[in-house]
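Heads up, the thing below is written out as structure tokens.
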Amino acid sequence: MTGVQTCALPIWQVSGGKASEGETPIEQVTYGFMFPLDPFIVNLREIGGIKFLKVSVSLKMSTPEVHLELRKNILKLRDSILFLLSSKSFEDIDSFQDKSKLEDEIMVRVNKFLTTGQVNGAYFTEFIIQ
């Protein structure tokens, strides 16, 4: 487990499709304080076959102080997310809307363990079904 990460990406004003050397960004886009979780690997609920899901998730924290609470509850969080993921079938998570719904379900589960702040988003950084 790494720790709190902030993510900010520069937005470049580009002429002709390419940024020139020495150009400066015109604005910064900040994604907030992120808490990356170790990857999850689970069996999907399938009939007549075996499918695996490997997923990595980063949680967007409302404040940096939420980091301590997430670390304190990491075993409970991982357990809850593992049960959620292993309850899914391929059909439950194959579309964009299904993946978005799963991100929301993860966020709701995590927030049940938090009292000092909250998680404002769950983002997949890896999503592999085999």
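Chain labels A, B, ... are given in the sequence in which chains occur in the structure tokens; within each chain residues are numbered consecutively from 1, and ligands are likewise numbered from 1 in the order shown.
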| request: Find the residues around stretch 84-92 of chain A up to 7 Å (only C-alpha atoms counted), leave out those fewer than 6 positions away in its own chain, and share them as a PyMOL selection string. | output: chain A and resi 42-46+98
Go ahead and write the selection's residues with N, CA, C and O atoms as a tab-separated table (two decimals), in the first residue's frame.
chain	number	residue	atom	x	y	z
A	42	VAL	N	-10.42	-12.04	-7.90
A	42	VAL	CA	-11.52	-12.87	-7.41
A	42	VAL	C	-12.06	-13.75	-8.53
A	42	VAL	O	-11.90	-13.45	-9.72
A	43	ASN	N	-12.70	-14.84	-8.14
A	43	ASN	CA	-13.49	-15.64	-9.06
A	43	ASN	C	-14.83	-14.95	-9.23
A	43	ASN	O	-15.45	-14.57	-8.25
A	44	LEU	N	-15.27	-14.82	-10.48
A	44	LEU	CA	-16.60	-14.30	-10.72
A	44	LEU	C	-17.62	-15.43	-10.53
A	44	LEU	O	-17.29	-16.60	-10.68
A	45	ARG	N	-18.82	-15.05	-10.20
A	45	ARG	CA	-19.91	-16.02	-10.01
A	45	ARG	C	-20.39	-16.45	-11.39
A	45	ARG	O	-21.10	-15.73	-12.08
A	46	GLU	N	-19.95	-17.63	-11.82
A	46	GLU	CA	-20.27	-18.12	-13.16
A	46	GLU	C	-20.80	-19.54	-13.09
A	46	GLU	O	-20.38	-20.33	-12.25
A	98	ASP	N	-22.39	-0.78	-16.04
A	98	ASP	CA	-22.20	-1.74	-14.95
A	98	ASP	C	-20.93	-1.43	-14.16
A	98	ASP	O	-20.92	-1.52	-12.93
Skipping near chain neighbours, those fewer than 2 positions away, what residues fall within 12 Å of stretch 100-117 of chain A using only C-alpha atoms, listed as a PDB file with N, CA and C atoms, in the first residue's frame?
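Final output, around30.pdb:
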ATOM      1  N   PHE A  35      -6.201   7.460  -2.640  1.00  0.00           N
ATOM      2  CA  PHE A  35      -5.741   6.360  -1.799  1.00  0.00           C
ATOM      3  C   PHE A  35      -5.810   5.078  -2.636  1.00  0.00           C
ATOM      4  N   LEU A  37      -5.618   1.261  -3.581  1.00  0.00           N
ATOM      5  CA  LEU A  37      -5.722  -0.029  -2.907  1.00  0.00           C
ATOM      6  C   LEU A  37      -4.896  -1.051  -3.674  1.00  0.00           C
ATOM      7  N   VAL A  55      -8.844  -6.400 -10.465  1.00  0.00           N
ATOM      8  CA  VAL A  55      -9.203  -4.987 -10.488  1.00  0.00           C
ATOM      9  C   VAL A  55      -8.354  -4.227  -9.471  1.00  0.00           C
ATOM     10  N   SER A  56      -7.898  -3.059  -9.897  1.00  0.00           N
ATOM     11  CA  SER A  56      -7.207  -2.138  -8.997  1.00  0.00           C
ATOM     12  C   SER A  56      -8.078  -0.892  -8.875  1.00  0.00           C
ATOM     13  N   VAL A  57      -8.166  -0.380  -7.663  1.00  0.00           N
ATOM     14  CA  VAL A  57      -9.058   0.747  -7.371  1.00  0.00           C
ATOM     15  C   VAL A  57      -8.289   1.813  -6.607  1.00  0.00           C
ATOM     16  N   SER A  58      -8.518   3.064  -6.961  1.00  0.00           N
ATOM     17  CA  SER A  58      -8.039   4.199  -6.173  1.00  0.00           C
ATOM     18  C   SER A  58      -9.245   4.949  -5.650  1.00  0.00           C
ATOM     19  N   LEU A  59      -9.177   5.325  -4.385  1.00  0.00           N
ATOM     20  CA  LEU A  59     -10.277   6.021  -3.727  1.00  0.00           C
ATOM     21  C   LEU A  59      -9.950   7.510  -3.619  1.00  0.00           C
ATOM     22  N   LYS A  60     -10.897   8.349  -3.984  1.00  0.00           N
ATOM     23  CA  LYS A  60     -10.729   9.797  -3.856  1.00  0.00           C
ATOM     24  C   LYS A  60     -11.252  10.221  -2.492  1.00  0.00           C
ATOM     25  N   MET A  61     -10.364  10.786  -1.676  1.00  0.00           N
ATOM     26  CA  MET A  61     -10.721  11.175  -0.311  1.00  0.00           C
ATOM     27  C   MET A  61     -11.186  12.627  -0.273  1.00  0.00           C
ATOM     28  N   SER A  62     -12.129  12.910   0.624  1.00  0.00           N
ATOM     29  CA  SER A  62     -12.623  14.283   0.766  1.00  0.00           C
ATOM     30  C   SER A  62     -11.553  15.187   1.374  1.00  0.00           C
ATOM     31  N   THR A  63     -10.737  14.644   2.258  1.00  0.00           N
ATOM     32  CA  THR A  63      -9.637  15.392   2.873  1.00  0.00           C
ATOM     33  C   THR A  63      -8.471  14.432   3.115  1.00  0.00           C
ATOM     34  N   PRO A  64      -7.261  14.952   3.274  1.00  0.00           N
ATOM     35  CA  PRO A  64      -6.119  14.066   3.529  1.00  0.00           C
ATOM     36  C   PRO A  64      -6.257  13.288   4.841  1.00  0.00           C
ATOM     37  N   GLU A  65      -7.021  13.816   5.787  1.00  0.00           N
ATOM     38  CA  GLU A  65      -7.189  13.148   7.083  1.00  0.00           C
ATOM     39  C   GLU A  65      -7.895  11.800   6.961  1.00  0.00           C
ATOM     40  N   VAL A  66      -8.649  11.599   5.909  1.00  0.00           N
ATOM     41  CA  VAL A  66      -9.357  10.335   5.698  1.00  0.00           C
ATOM     42  C   VAL A  66      -8.364   9.189   5.514  1.00  0.00           C
ATOM     43  N   HIS A  67      -7.152   9.518   5.072  1.00  0.00           N
ATOM     44  CA  HIS A  67      -6.110   8.514   4.851  1.00  0.00           C
ATOM     45  C   HIS A  67      -5.878   7.656   6.090  1.00  0.00           C
ATOM     46  N   LEU A  68      -5.769   8.285   7.255  1.00  0.00           N
ATOM     47  CA  LEU A  68      -5.528   7.536   8.493  1.00  0.00           C
ATOM     48  C   LEU A  68      -6.668   6.577   8.802  1.00  0.00           C
ATOM     49  N   GLU A  69      -7.877   7.028   8.588  1.00  0.00           N
ATOM     50  CA  GLU A  69      -9.038   6.180   8.857  1.00  0.00           C
ATOM     51  C   GLU A  69      -9.116   5.013   7.864  1.00  0.00           C
ATOM     52  N   LEU A  70      -8.771   5.275   6.603  1.00  0.00           N
ATOM     53  CA  LEU A  70      -8.736   4.199   5.617  1.00  0.00           C
ATOM     54  C   LEU A  70      -7.693   3.148   5.992  1.00  0.00           C
ATOM     55  N   ARG A  71      -6.523   3.616   6.399  1.00  0.00           N
ATOM     56  CA  ARG A  71      -5.459   2.667   6.799  1.00  0.00           C
ATOM     57  C   ARG A  71      -5.873   1.859   8.024  1.00  0.00           C
ATOM     58  N   LYS A  72      -6.526   2.514   8.967  1.00  0.00           N
ATOM     59  CA  LYS A  72      -6.966   1.836  10.193  1.00  0.00           C
ATOM     60  C   LYS A  72      -7.983   0.737   9.886  1.00  0.00           C
ATOM     61  N   ASN A  73      -8.798   0.944   8.880  1.00  0.00           N
ATOM     62  CA  ASN A  73      -9.874   0.007   8.531  1.00  0.00           C
ATOM     63  C   ASN A  73      -9.586  -0.810   7.275  1.00  0.00           C
ATOM     64  N   ILE A  74      -8.328  -0.864   6.840  1.00  0.00           N
ATOM     65  CA  ILE A  74      -8.011  -1.461   5.546  1.00  0.00           C
ATOM     66  C   ILE A  74      -8.460  -2.924   5.448  1.00  0.00           C
ATOM     67  N   LEU A  75      -8.340  -3.693   6.500  1.00  0.00           N
ATOM     68  CA  LEU A  75      -8.744  -5.101   6.441  1.00  0.00           C
ATOM     69  C   LEU A  75     -10.257  -5.234   6.257  1.00  0.00           C
ATOM     70  N   LYS A  76     -11.010  -4.421   6.974  1.00  0.00           N
ATOM     71  CA  LYS A  76     -12.468  -4.440   6.823  1.00  0.00           C
ATOM     72  C   LYS A  76     -12.883  -3.976   5.426  1.00  0.00           C
ATOM     73  N   LEU A  77     -12.206  -2.938   4.928  1.00  0.00           N
ATOM     74  CA  LEU A  77     -12.513  -2.413   3.599  1.00  0.00           C
ATOM     75  C   LEU A  77     -12.261  -3.467   2.531  1.00  0.00           C
ATOM     76  N   ARG A  78     -11.084  -4.079   2.584  1.00  0.00           N
ATOM     77  CA  ARG A  78     -10.736  -5.093   1.577  1.00  0.00           C
ATOM     78  C   ARG A  78     -11.695  -6.280   1.641  1.00  0.00           C
ATOM     79  N   ASP A  79     -12.033  -6.705   2.859  1.00  0.00           N
ATOM     80  CA  ASP A  79     -12.968  -7.815   3.025  1.00  0.00           C
ATOM     81  C   ASP A  79     -14.316  -7.483   2.388  1.00  0.00           C
ATOM     82  N   SER A  80     -14.829  -6.299   2.657  1.00  0.00           N
ATOM     83  CA  SER A  80     -16.120  -5.883   2.122  1.00  0.00           C
ATOM     84  C   SER A  80     -16.084  -5.795   0.595  1.00  0.00           C
ATOM     85  N   ILE A  81     -15.016  -5.242   0.053  1.00  0.00           N
ATOM     86  CA  ILE A  81     -14.889  -5.115  -1.402  1.00  0.00           C
ATOM     87  C   ILE A  81     -14.717  -6.493  -2.047  1.00  0.00           C
ATOM     88  N   LEU A  82     -13.954  -7.384  -1.412  1.00  0.00           N
ATOM     89  CA  LEU A  82     -13.793  -8.745  -1.941  1.00  0.00           C
ATOM     90  C   LEU A  82     -15.131  -9.475  -2.022  1.00  0.00           C
ATOM     91  N   PHE A  83     -15.945  -9.359  -0.974  1.00  0.00           N
ATOM     92  CA  PHE A  83     -17.270  -9.988  -1.005  1.00  0.00           C
ATOM     93  C   PHE A  83     -18.135  -9.396  -2.121  1.00  0.00           C
ATOM     94  N   LEU A  84     -18.071  -8.089  -2.291  1.00  0.00           N
ATOM     95  CA  LEU A  84     -18.836  -7.438  -3.358  1.00  0.00           C
ATOM     96  C   LEU A  84     -18.393  -7.946  -4.728  1.00  0.00           C
ATOM     97  N   LEU A  85     -17.094  -7.925  -4.990  1.00  0.00           N
ATOM     98  CA  LEU A  85     -16.583  -8.325  -6.299  1.00  0.00           C
ATOM     99  C   LEU A  85     -16.881  -9.784  -6.610  1.00  0.00           C
ATOM    100  N   SER A  86     -16.715 -10.651  -5.615  1.00  0.00           N
ATOM    101  CA  SER A  86     -16.932 -12.081  -5.865  1.00  0.00           C
ATOM    102  C   SER A  86     -18.414 -12.436  -5.999  1.00  0.00           C
ATOM    103  N   SER A  87     -19.295 -11.511  -5.663  1.00  0.00           N
ATOM    104  CA  SER A  87     -20.732 -11.755  -5.837  1.00  0.00           C
ATOM    105  C   SER A  87     -21.193 -11.438  -7.258  1.00  0.00           C
ATOM    106  N   LYS A  88     -20.316 -10.885  -8.080  1.00  0.00           N
ATOM    107  CA  LYS A  88     -20.681 -10.448  -9.431  1.00  0.00           C
ATOM    108  C   LYS A  88     -20.421 -11.543 -10.462  1.00  0.00           C
ATOM    109  N   SER A  89     -21.246 -11.548 -11.492  1.00  0.00           N
ATOM    110  CA  SER A  89     -21.018 -12.399 -12.655  1.00  0.00           C
ATOM    111  C   SER A  89     -20.481 -11.516 -13.780  1.00  0.00           C
ATOM    112  N   ASP A  92     -22.853  -8.968 -14.892  1.00  0.00           N
ATOM    113  CA  ASP A  92     -23.064  -7.857 -13.950  1.00  0.00           C
ATOM    114  C   ASP A  92     -22.085  -6.710 -14.160  1.00  0.00           C
ATOM    115  N   ILE A  93     -20.958  -6.965 -14.849  1.00  0.00           N
ATOM    116  CA  ILE A  93     -19.891  -5.951 -14.922  1.00  0.00           C
ATOM    117  C   ILE A  93     -19.335  -5.743 -16.322  1.00  0.00           C
ATOM    118  N   ASP A  94     -20.045  -6.199 -17.358  1.00  0.00           N
ATOM    119  CA  ASP A  94     -19.456  -6.136 -18.696  1.00  0.00           C
ATOM    120  C   ASP A  94     -19.660  -4.812 -19.423  1.00  0.00           C
ATOM    121  N   SER A  95     -20.634  -4.013 -19.073  1.00  0.00           N
ATOM    122  CA  SER A  95     -20.857  -2.741 -19.775  1.00  0.00           C
ATOM    123  C   SER A  95     -20.258  -1.568 -18.995  1.00  0.00           C
ATOM    124  N   PHE A  96     -20.165  -0.443 -19.682  1.00  0.00           N
ATOM    125  CA  PHE A  96     -19.670   0.778 -19.043  1.00  0.00           C
ATOM    126  C   PHE A  96     -20.549   1.157 -17.851  1.00  0.00           C
ATOM    127  N   GLN A  97     -21.863   1.079 -18.034  1.00  0.00           N
ATOM    128  CA  GLN A  97     -22.795   1.434 -16.964  1.00  0.00           C
ATOM    129  C   GLN A  97     -22.633   0.497 -15.769  1.00  0.00           C
ATOM    130  N   ASP A  98     -22.392  -0.781 -16.036  1.00  0.00           N
ATOM    131  CA  ASP A  98     -22.197  -1.744 -14.954  1.00  0.00           C
ATOM    132  C   ASP A  98     -20.929  -1.434 -14.163  1.00  0.00           C
ATOM    133  N   VAL A 119     -15.220   9.115   1.188  1.00  0.00           N
ATOM    134  CA  VAL A 119     -14.644   8.867  -0.123  1.00  0.00           C
ATOM    135  C   VAL A 119     -15.635   9.417  -1.140  1.00  0.00           C
ATOM    136  N   ASN A 120     -15.143  10.282  -2.013  1.00  0.00           N
ATOM    137  CA  ASN A 120     -15.995  10.936  -3.010  1.00  0.00           C
ATOM    138  C   ASN A 120     -15.985  10.235  -4.356  1.00  0.00           C
ATOM    139  N   GLY A 121     -15.176   9.201  -4.475  1.00  0.00           N
ATOM    140  CA  GLY A 121     -15.127   8.486  -5.742  1.00  0.00           C
ATOM    141  C   GLY A 121     -14.265   7.245  -5.627  1.00  0.00           C
ATOM    142  N   ALA A 122     -14.583   6.262  -6.439  1.00  0.00           N
ATOM    143  CA  ALA A 122     -13.769   5.061  -6.581  1.00  0.00           C
ATOM    144  C   ALA A 122     -13.463   4.940  -8.068  1.00  0.00           C
ATOM    145  N   TYR A 123     -12.180   4.826  -8.403  1.00  0.00           N
ATOM    146  CA  TYR A 123     -11.767   4.822  -9.799  1.00  0.00           C
ATOM    147  C   TYR A 123     -10.967   3.562 -10.098  1.00  0.00           C
ATOM    148  N   PHE A 124     -11.344   2.865 -11.167  1.00  0.00           N
ATOM    149  CA  PHE A 124     -10.602   1.690 -11.588  1.00  0.00           C
ATOM    150  C   PHE A 124      -9.336   2.123 -12.308  1.00  0.00           C
ATOM    151  N   THR A 125      -8.213   1.589 -11.875  1.00  0.00           N
ATOM    152  CA  THR A 125      -6.962   1.830 -12.570  1.00  0.00           C
ATOM    153  C   THR A 125      -6.528   0.586 -13.340  1.00  0.00           C
ATOM    154  N   PHE A 127      -8.681  -3.189 -14.832  1.00  0.00           N
ATOM    155  CA  PHE A 127      -9.911  -3.980 -14.841  1.00  0.00           C
ATOM    156  C   PHE A 127      -9.747  -5.075 -15.881  1.00  0.00           C
TER     157      PHE A 127
END
| query | Just asking: which residues within stretch 48-128 of chain A are strand (DSSP E) according to DSSP, as number ranges by chain? | reply | A: 52-61, 119-128
| task | Provide the atom CA of A:Asp38 to atom CA of A:Lys51 distance in Å, to one decimal place. | result |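 Taking atom CA of A:Asp38 as the start and atom CA of A:Lys51 as the end point, the length is 20.1 Å.
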| task | Using only C-alpha atoms, pick whichever of A:Pro39, A:Lys99, A:Phe52, A:Phe33 has the shortest atom-to-atom distance to A:Gln130. | result |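 Closest candidate: A:Phe52.
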| request: Select from stretch 26-102 of chain A everything DSSP, run on the backbone, classes as helix (DSSP H, G or I), then give the selection as a VMD selection string. | output: chain A and resid 66 to 72 74 to 86 90 to 93 96 to 102
Please produce a file of the residues just selected, as a compact mmCIF listing (two decimals), in the first residue's frame, where the atoms kept are N, CA and C atoms.
# COMPACT_ATOMS: atom_id res chain seq x y z
N VAL A 66 -8.65 11.60 5.91
CA VAL A 66 -9.36 10.34 5.70
C VAL A 66 -8.36 9.19 5.51
N HIS A 67 -7.15 9.52 5.07
CA HIS A 67 -6.11 8.51 4.85
C HIS A 67 -5.88 7.66 6.09
N LEU A 68 -5.77 8.29 7.26
CA LEU A 68 -5.53 7.54 8.49
C LEU A 68 -6.67 6.58 8.80
N GLU A 69 -7.88 7.03 8.59
CA GLU A 69 -9.04 6.18 8.86
C GLU A 69 -9.12 5.01 7.86
N LEU A 70 -8.77 5.27 6.60
CA LEU A 70 -8.74 4.20 5.62
C LEU A 70 -7.69 3.15 5.99
N ARG A 71 -6.52 3.62 6.40
CA ARG A 71 -5.46 2.67 6.80
C ARG A 71 -5.87 1.86 8.02
N LYS A 72 -6.53 2.51 8.97
CA LYS A 72 -6.97 1.84 10.19
C LYS A 72 -7.98 0.74 9.89
N ILE A 74 -8.33 -0.86 6.84
CA ILE A 74 -8.01 -1.46 5.55
C ILE A 74 -8.46 -2.92 5.45
N LEU A 75 -8.34 -3.69 6.50
CA LEU A 75 -8.74 -5.10 6.44
C LEU A 75 -10.26 -5.23 6.26
N LYS A 76 -11.01 -4.42 6.97
CA LYS A 76 -12.47 -4.44 6.82
C LYS A 76 -12.88 -3.98 5.43
N LEU A 77 -12.21 -2.94 4.93
CA LEU A 77 -12.51 -2.41 3.60
C LEU A 77 -12.26 -3.47 2.53
N ARG A 78 -11.08 -4.08 2.58
CA ARG A 78 -10.74 -5.09 1.58
C ARG A 78 -11.70 -6.28 1.64
N ASP A 79 -12.03 -6.71 2.86
CA ASP A 79 -12.97 -7.82 3.02
C ASP A 79 -14.32 -7.48 2.39
N SER A 80 -14.83 -6.30 2.66
CA SER A 80 -16.12 -5.88 2.12
C SER A 80 -16.08 -5.80 0.60
N ILE A 81 -15.02 -5.24 0.05
CA ILE A 81 -14.89 -5.11 -1.40
C ILE A 81 -14.72 -6.49 -2.05
N LEU A 82 -13.95 -7.38 -1.41
CA LEU A 82 -13.79 -8.75 -1.94
C LEU A 82 -15.13 -9.48 -2.02
N PHE A 83 -15.94 -9.36 -0.97
CA PHE A 83 -17.27 -9.99 -1.00
C PHE A 83 -18.14 -9.40 -2.12
N LEU A 84 -18.07 -8.09 -2.29
CA LEU A 84 -18.84 -7.44 -3.36
C LEU A 84 -18.39 -7.95 -4.73
N LEU A 85 -17.09 -7.92 -4.99
CA LEU A 85 -16.58 -8.33 -6.30
C LEU A 85 -16.88 -9.78 -6.61
N SER A 86 -16.71 -10.65 -5.62
CA SER A 86 -16.93 -12.08 -5.86
C SER A 86 -18.41 -12.44 -6.00
N PHE A 90 -20.03 -12.14 -14.85
CA PHE A 90 -19.54 -11.38 -16.00
C PHE A 90 -20.62 -10.42 -16.51
N GLU A 91 -21.85 -10.89 -16.56
CA GLU A 91 -22.95 -10.07 -17.06
C GLU A 91 -23.22 -8.86 -16.17
N ASP A 92 -22.85 -8.97 -14.89
CA ASP A 92 -23.06 -7.86 -13.95
C ASP A 92 -22.09 -6.71 -14.16
N ILE A 93 -20.96 -6.96 -14.85
CA ILE A 93 -19.89 -5.95 -14.92
C ILE A 93 -19.34 -5.74 -16.32
N PHE A 96 -20.16 -0.44 -19.68
CA PHE A 96 -19.67 0.78 -19.04
C PHE A 96 -20.55 1.16 -17.85
N GLN A 97 -21.86 1.08 -18.03
CA GLN A 97 -22.79 1.43 -16.96
C GLN A 97 -22.63 0.50 -15.77
N ASP A 98 -22.39 -0.78 -16.04
CA ASP A 98 -22.20 -1.74 -14.95
C ASP A 98 -20.93 -1.43 -14.16
N LYS A 99 -19.87 -1.07 -14.86
CA LYS A 99 -18.61 -0.73 -14.19
C LYS A 99 -18.78 0.54 -13.34
N SER A 100 -19.51 1.50 -13.90
CA SER A 100 -19.78 2.74 -13.16
C SER A 100 -20.60 2.46 -11.90
N LYS A 101 -21.58 1.58 -12.02
CA LYS A 101 -22.39 1.19 -10.86
C LYS A 101 -21.52 0.49 -9.81
N LEU A 102 -20.60 -0.35 -10.26
CA LEU A 102 -19.70 -1.04 -9.34
C LEU A 102 -18.80 -0.05 -8.60
